[in-house]
Structure formats: structure tokens, C-alpha cells
>>> print(open('data_28.cif').read())   # mmCIF, C-alpha atoms
data_target
loop_
_atom_site.group_PDB
_atom_site.id
_atom_site.type_symbol
_atom_site.label_atom_id
_atom_site.label_comp_id
_atom_site.auth_asym_id
_atom_site.auth_seq_id
_atom_site.Cartn_x
_atom_site.Cartn_y
_atom_site.Cartn_z
ATOM 1 C CA MET A 105 8.639 111.856 -12.390
ATOM 2 C CA VAL A 106 8.685 115.610 -12.917
ATOM 3 C CA ASN A 107 9.087 116.770 -16.518
ATOM 4 C CA ALA A 108 12.041 119.104 -15.890
ATOM 5 C CA LYS A 109 13.021 121.703 -18.455
ATOM 6 C CA PRO A 110 16.523 123.184 -18.544
ATOM 7 C CA LYS A 111 16.882 126.817 -17.507
ATOM 8 C CA SER A 112 20.099 127.420 -19.440
ATOM 9 C CA MET A 113 22.589 125.755 -21.767
ATOM 10 C CA SER A 114 26.288 126.195 -22.448
ATOM 11 C CA ARG A 115 28.839 124.366 -24.561
ATOM 12 C CA ALA A 116 31.540 122.126 -23.118
ATOM 13 C CA LYS A 117 34.975 123.742 -23.122
ATOM 14 C CA GLU A 118 37.065 120.895 -21.709
ATOM 15 C CA TRP A 119 36.677 117.158 -21.366
ATOM 16 C CA THR A 120 35.406 115.697 -18.092
ATOM 17 C CA ALA A 121 33.623 112.454 -17.218
ATOM 18 C CA GLU A 122 30.345 114.429 -17.093
ATOM 19 C CA VAL A 123 30.975 115.801 -20.598
ATOM 20 C CA GLU A 124 31.775 112.287 -21.835
ATOM 21 C CA ASN A 125 28.441 110.971 -20.609
ATOM 22 C CA LEU A 126 26.564 113.987 -21.993
ATOM 23 C CA TYR A 127 28.219 113.324 -25.353
ATOM 24 C CA ARG A 128 26.953 109.741 -25.277
ATOM 25 C CA PHE A 129 23.390 110.749 -24.341
ATOM 26 C CA GLN A 130 23.345 113.405 -27.055
ATOM 27 C CA GLN A 131 24.651 110.942 -29.651
ATOM 28 C CA ALA A 132 21.635 108.754 -28.807
ATOM 29 C CA GLY A 133 19.221 111.694 -29.168
ATOM 30 C CA TYR A 134 18.718 112.861 -25.573
ATOM 31 C CA ARG A 135 19.792 116.035 -23.753
ATOM 32 C CA ASP A 136 21.157 114.147 -20.754
ATOM 33 C CA GLU A 137 20.451 111.373 -18.272
ATOM 34 C CA LEU A 138 17.493 113.247 -16.796
ATOM 35 C CA GLU A 139 15.694 113.430 -20.143
ATOM 36 C CA TYR A 140 16.562 109.774 -20.880
ATOM 37 C CA ARG A 141 14.977 108.674 -17.599
ATOM 38 C CA GLN A 142 11.899 110.827 -18.230
ATOM 39 C CA ILE A 143 11.335 109.400 -21.701
ATOM 40 C CA LYS A 144 12.223 105.813 -20.764
ATOM 41 C CA TYR A 145 10.091 105.983 -17.583
ATOM 42 C CA GLY A 146 12.912 105.765 -15.073
ATOM 43 C CA ALA A 147 14.979 103.166 -16.919
ATOM 44 C CA LEU A 148 18.351 102.523 -15.371
ATOM 45 C CA VAL A 149 21.385 103.504 -17.406
ATOM 46 C CA ASP A 150 23.924 100.758 -18.089
ATOM 47 C CA LYS A 151 27.394 102.077 -17.115
ATOM 48 C CA TRP A 152 30.899 100.647 -17.195
ATOM 49 C CA PRO A 153 31.799 99.885 -13.555
ATOM 50 C CA GLU A 154 35.460 100.938 -13.783
ATOM 51 C CA SER A 155 34.911 104.310 -15.477
ATOM 52 C CA GLY A 156 31.261 105.176 -14.811
ATOM 53 C CA PHE A 157 30.824 105.987 -18.509
ATOM 54 C CA VAL A 158 27.542 105.096 -20.187
ATOM 55 C CA LYS A 159 27.752 101.604 -21.663
ATOM 56 C CA LYS A 160 24.462 101.235 -23.560
ATOM 57 C CA LEU A 161 21.517 103.488 -24.428
ATOM 58 C CA GLN A 162 18.244 102.808 -26.172
ATOM 59 C CA ARG A 163 17.474 105.405 -28.825
ATOM 60 C CA ARG A 164 13.987 106.763 -29.420
ATOM 61 C CA ASP A 165 13.569 104.428 -32.408
ATOM 62 C CA GLU A 166 14.162 101.476 -30.024
ATOM 63 C CA THR A 167 17.612 100.579 -31.432
ATOM 64 C CA PHE A 168 20.629 100.534 -29.125
ATOM 65 C CA TYR A 169 23.905 102.433 -29.027
ATOM 66 C CA TYR A 170 26.818 100.599 -27.423
ATOM 67 C CA TYR A 171 29.826 102.532 -26.140
ATOM 68 C CA ASN A 172 33.418 101.615 -25.306
ATOM 69 C CA ARG A 173 34.974 101.649 -21.852
ATOM 70 C CA LYS A 174 37.331 104.437 -22.844
ATOM 71 C CA ARG A 175 36.815 108.033 -23.870
ATOM 72 C CA GLU A 176 34.874 108.503 -27.122
ATOM 73 C CA CYS A 177 34.356 112.280 -27.121
ATOM 74 C CA GLN A 178 37.436 113.625 -28.869
ATOM 75 C CA ASP A 179 38.644 117.193 -28.321
ATOM 76 C CA LYS A 180 37.373 118.268 -31.751
ATOM 77 C CA GLU A 181 33.841 117.176 -30.690
ATOM 78 C CA LEU A 182 33.784 119.080 -27.374
ATOM 79 C CA ARG A 183 32.034 122.185 -28.712
ATOM 80 C CA LYS A 184 29.137 120.014 -29.917
ATOM 81 C CA VAL A 185 28.330 118.872 -26.375
ATOM 82 C CA LYS A 186 25.600 120.890 -24.684
ATOM 83 C CA VAL A 187 25.669 121.211 -20.899
ATOM 84 C CA TYR A 188 22.228 121.953 -19.475
ATOM 85 C CA VAL A 189 21.476 123.538 -16.107
ATOM 86 C CA TYR A 190 18.185 122.864 -14.357
ATOM 87 C CA HIS A 191 16.503 124.916 -11.661
ATOM 88 C CA ASP A 192 16.209 122.750 -8.558
ATOM 89 C CA LEU A 193 12.563 123.040 -7.563
ATOM 90 C CA GLN A 194 13.120 121.553 -4.108
ATOM 91 C CA GLU A 195 15.769 124.047 -3.006
ATOM 92 C CA SER A 196 14.807 127.593 -3.927
ATOM 93 C CA GLY A 197 17.592 129.734 -5.273
ATOM 94 C CA SER A 198 19.904 126.899 -6.266
ATOM 95 C CA SER A 199 20.517 125.160 -9.548
ATOM 96 C CA SER A 200 22.128 121.944 -10.645
ATOM 97 C CA THR A 201 23.593 120.401 -13.762
ATOM 98 C CA ALA A 202 21.974 117.508 -15.555
ATOM 99 C CA GLU A 203 24.247 114.941 -13.905
ATOM 100 C CA GLY A 204 23.527 116.202 -10.401
ATOM 101 C CA ALA A 205 19.795 116.412 -11.036
ATOM 102 C CA ALA A 206 19.704 112.935 -12.521
ATOM 103 C CA GLN A 207 21.444 111.375 -9.530
ATOM 104 C CA ALA A 208 19.151 112.920 -6.937
ATOM 105 C CA PRO A 209 16.796 110.392 -5.278
#
>>> encode(input="data_28.cif", output="C-alpha cells")
Amino acid sequence: MVNAKPKSMSRAKEWTAEVENLYRFQQAGYRDELEYRQIKYGALVDKWPESGFVKKLQRRDETFYYYNRKRECQDKELRKVKVYVYHDLQESGSSSTAEGAAQAP
């Protein structure tokens, strides 16, 4: 697995499902799903089937964070969420967000 580094970062301005999942990864100590998979050697992420939100993450100290089915990132927490953009090495001239990069095969 390629050790991808983000090319830029911005702060979330409004809540979306992507922002919700980024919030959960960042609460557990990771930038996003891509970094989680790199550090955990491709581990699958447990998600709630009805919402697609992250259900459980293993922190770096090997303890687990468990999340609810519903939204946990409140509006007052939005500005804390960092949204990373990665340069897509396979398609020159294009870029993708962490969620898109993490879902690529």
C-alpha cells in the first residue's frame, strides 16, 4: 500500500456524511480512512449499514472507540474537522479527497 501524503488541508464548513466519518477518524487519532488503512495494514473499517458511518475504530494504543448510529459531530465541532486532499498518482492532474482515495481499489 502506498504511503500517501496529503497535498492540502482545509477545515469543514458544513456537516456531511464524509465530515462525520472524518470526525470519527480524527477522534481516534488518524487523519482519515486512508491513513487508518495504511497504519492498520489494510484493516477493514466497521461501518453502520444503514448510515455508512464508522462504527468502531482501533486507536494507535490498541484500545477501541465505538460510535453511535447517528450523527456525533455537532455543529460547534465542525471547524475542528480537517479535510485532506491527496494528489492522485494514477491520474495526472487530478486530485481526490480522503474518502474518494480510500475507496479506490
>>> residues_near_point(input="data_28.cif", point="(21.9, 115.0, -20.6)", cutoff="8 Å", atoms="all atoms listed in the file", output="PyMOL selection string")
chain A and resi 125-126+129-130+134-140+187-188+202-203
>>> atom_distance(input="data_28.cif", atom1="CA of Ala132 in chain A", atom2="CA of Arg163 in chain A")
5.3 Å
>>> atom_distance(input="data_28.cif", atom1="CA of Pro153 in chain A", atom2="CA of Tyr127 in chain A")
18.2 Å
>>> atom_distance(input="data_28.cif", atom1="CA of Val185 in chain A", atom2="CA of Arg173 in chain A")
19.0 Å
>>> resolve_selection(input="data_28.cif", expression="the PyMOL selection byres ((chain A and resi 148) around 12)", output="list in words")
Glu137, Leu138, Tyr140, Arg141, Gln142, Ile143, Lys144, Tyr145, Gly146, Ala147, Val149, Asp150, Lys151, Val158, Lys159, Lys160, Leu161, Gln162, Ala206 and Gln207 of chain A
>>> axis_aligned_box(input="data_28.cif", around="range 176-183 of chain A", padding_each_side="3 Å", output="JSON")
{"center_x": 35.3, "center_y": 115.3, "center_z": -29.4, "size_x": 12.6, "size_y": 19.7, "size_z": 10.6}
>>> resolve_selection(input="data_28.cif", expression="the PyMOL selection byres ((chain A and resi 184) around 9)", output="number ranges by chain")
A: 115-116, 127, 180-183, 185-186
>>> closest_residue(input="data_28.cif", among="A:Ser114, A:Thr120, A:Asn107, A:Gln131", to="Phe168 in chain A", atoms="all atoms listed in the file")
A:Gln131
>>> build_atoms(input="data_28.cif", residues="range 150-184 of chain A", atoms="N, CA and C atoms", output="mmCIF file, in the frame of the given file")
data_model
loop_
_atom_site.group_PDB
_atom_site.id
_atom_site.type_symbol
_atom_site.label_atom_id
_atom_site.label_comp_id
_atom_site.auth_asym_id
_atom_site.auth_seq_id
_atom_site.Cartn_x
_atom_site.Cartn_y
_atom_site.Cartn_z
ATOM 1 N N ASP A 150 22.822 101.713 -18.164
ATOM 2 C CA ASP A 150 23.924 100.758 -18.089
ATOM 3 C C ASP A 150 25.247 101.519 -18.161
ATOM 4 N N LYS A 151 26.107 101.362 -17.140
ATOM 5 C CA LYS A 151 27.394 102.077 -17.115
ATOM 6 C C LYS A 151 28.531 101.096 -16.891
ATOM 7 N N TRP A 152 29.702 101.441 -17.433
ATOM 8 C CA TRP A 152 30.899 100.647 -17.195
ATOM 9 C C TRP A 152 31.310 100.823 -15.742
ATOM 10 N N PRO A 153 31.494 99.751 -14.988
ATOM 11 C CA PRO A 153 31.799 99.885 -13.555
ATOM 12 C C PRO A 153 33.131 100.581 -13.261
ATOM 13 N N GLU A 154 34.146 100.357 -14.083
ATOM 14 C CA GLU A 154 35.460 100.938 -13.783
ATOM 15 C C GLU A 154 35.557 102.426 -14.107
ATOM 16 N N SER A 155 34.803 102.901 -15.091
ATOM 17 C CA SER A 155 34.911 104.310 -15.477
ATOM 18 C C SER A 155 33.662 105.124 -15.136
ATOM 19 N N GLY A 156 32.523 104.462 -15.029
ATOM 20 C CA GLY A 156 31.261 105.176 -14.811
ATOM 21 C C GLY A 156 30.684 105.746 -16.089
ATOM 22 N N PHE A 157 31.332 105.502 -17.230
ATOM 23 C CA PHE A 157 30.824 105.987 -18.509
ATOM 24 C C PHE A 157 29.615 105.156 -18.932
ATOM 25 N N VAL A 158 28.716 105.785 -19.661
ATOM 26 C CA VAL A 158 27.542 105.096 -20.187
ATOM 27 C C VAL A 158 27.993 103.958 -21.097
ATOM 28 N N LYS A 159 27.402 102.801 -20.904
ATOM 29 C CA LYS A 159 27.752 101.604 -21.663
ATOM 30 C C LYS A 159 26.785 101.353 -22.821
ATOM 31 N N LYS A 160 25.474 101.543 -22.559
ATOM 32 C CA LYS A 160 24.462 101.235 -23.560
ATOM 33 C C LYS A 160 23.264 102.145 -23.362
ATOM 34 N N LEU A 161 22.717 102.664 -24.472
ATOM 35 C CA LEU A 161 21.517 103.488 -24.428
ATOM 36 C C LEU A 161 20.544 103.031 -25.505
ATOM 37 N N GLN A 162 19.267 103.112 -25.179
ATOM 38 C CA GLN A 162 18.244 102.808 -26.172
ATOM 39 C C GLN A 162 17.777 104.119 -26.793
ATOM 40 N N ARG A 163 17.910 104.207 -28.117
ATOM 41 C CA ARG A 163 17.474 105.405 -28.825
ATOM 42 C C ARG A 163 15.951 105.462 -28.868
ATOM 43 N N ARG A 164 15.438 106.588 -29.335
ATOM 44 C CA ARG A 164 13.987 106.763 -29.420
ATOM 45 C C ARG A 164 13.342 105.816 -30.424
ATOM 46 N N ASP A 165 14.102 105.364 -31.419
ATOM 47 C CA ASP A 165 13.569 104.428 -32.408
ATOM 48 C C ASP A 165 13.748 102.976 -31.959
ATOM 49 N N GLU A 166 14.047 102.784 -30.670
ATOM 50 C CA GLU A 166 14.162 101.476 -30.024
ATOM 51 C C GLU A 166 15.426 100.688 -30.393
ATOM 52 N N THR A 167 16.335 101.246 -31.185
ATOM 53 C CA THR A 167 17.612 100.579 -31.432
ATOM 54 C C THR A 167 18.585 100.989 -30.319
ATOM 55 N N PHE A 168 19.690 100.290 -30.214
ATOM 56 C CA PHE A 168 20.629 100.534 -29.125
ATOM 57 C C PHE A 168 21.935 101.099 -29.634
ATOM 58 N N TYR A 169 22.539 101.965 -28.821
ATOM 59 C CA TYR A 169 23.905 102.433 -29.027
ATOM 60 C C TYR A 169 24.750 101.759 -27.956
ATOM 61 N N TYR A 170 25.868 101.205 -28.355
ATOM 62 C CA TYR A 170 26.818 100.599 -27.423
ATOM 63 C C TYR A 170 28.099 101.420 -27.444
ATOM 64 N N TYR A 171 28.648 101.687 -26.262
ATOM 65 C CA TYR A 171 29.826 102.532 -26.140
ATOM 66 C C TYR A 171 30.988 101.774 -25.518
ATOM 67 N N ASN A 172 32.196 102.208 -25.835
ATOM 68 C CA ASN A 172 33.418 101.615 -25.306
ATOM 69 C C ASN A 172 33.658 102.023 -23.858
ATOM 70 N N ARG A 173 34.587 101.321 -23.231
ATOM 71 C CA ARG A 173 34.974 101.649 -21.852
ATOM 72 C C ARG A 173 35.741 102.958 -21.777
ATOM 73 N N LYS A 174 36.450 103.265 -22.835
ATOM 74 C CA LYS A 174 37.331 104.437 -22.844
ATOM 75 C C LYS A 174 36.643 105.646 -23.464
ATOM 76 N N ARG A 175 37.299 106.765 -23.344
ATOM 77 C CA ARG A 175 36.815 108.033 -23.870
ATOM 78 C C ARG A 175 36.462 107.933 -25.360
ATOM 79 N N GLU A 176 35.292 108.457 -25.721
ATOM 80 C CA GLU A 176 34.874 108.503 -27.122
ATOM 81 C C GLU A 176 34.734 109.937 -27.636
ATOM 82 N N CYS A 177 34.513 110.878 -26.728
ATOM 83 C CA CYS A 177 34.356 112.280 -27.121
ATOM 84 C C CYS A 177 35.738 112.898 -27.317
ATOM 85 N N GLN A 178 36.125 113.045 -28.558
ATOM 86 C CA GLN A 178 37.436 113.625 -28.869
ATOM 87 C C GLN A 178 37.399 115.146 -28.696
ATOM 88 N N ASP A 179 38.565 115.745 -28.537
ATOM 89 C CA ASP A 179 38.644 117.193 -28.321
ATOM 90 C C ASP A 179 37.930 117.986 -29.417
ATOM 91 N N LYS A 180 38.013 117.536 -30.649
ATOM 92 C CA LYS A 180 37.373 118.268 -31.751
ATOM 93 C C LYS A 180 35.846 118.225 -31.666
ATOM 94 N N GLU A 181 35.288 117.305 -30.852
ATOM 95 C CA GLU A 181 33.841 117.176 -30.690
ATOM 96 C C GLU A 181 33.312 117.930 -29.466
ATOM 97 N N LEU A 182 34.201 118.463 -28.637
ATOM 98 C CA LEU A 182 33.784 119.080 -27.374
ATOM 99 C C LEU A 182 32.741 120.183 -27.554
ATOM 100 N N ARG A 183 32.943 121.040 -28.533
ATOM 101 C CA ARG A 183 32.034 122.185 -28.712
ATOM 102 C C ARG A 183 30.630 121.762 -29.142
ATOM 103 N N LYS A 184 30.466 120.524 -29.553
ATOM 104 C CA LYS A 184 29.137 120.014 -29.917
ATOM 105 C C LYS A 184 28.322 119.599 -28.697
#
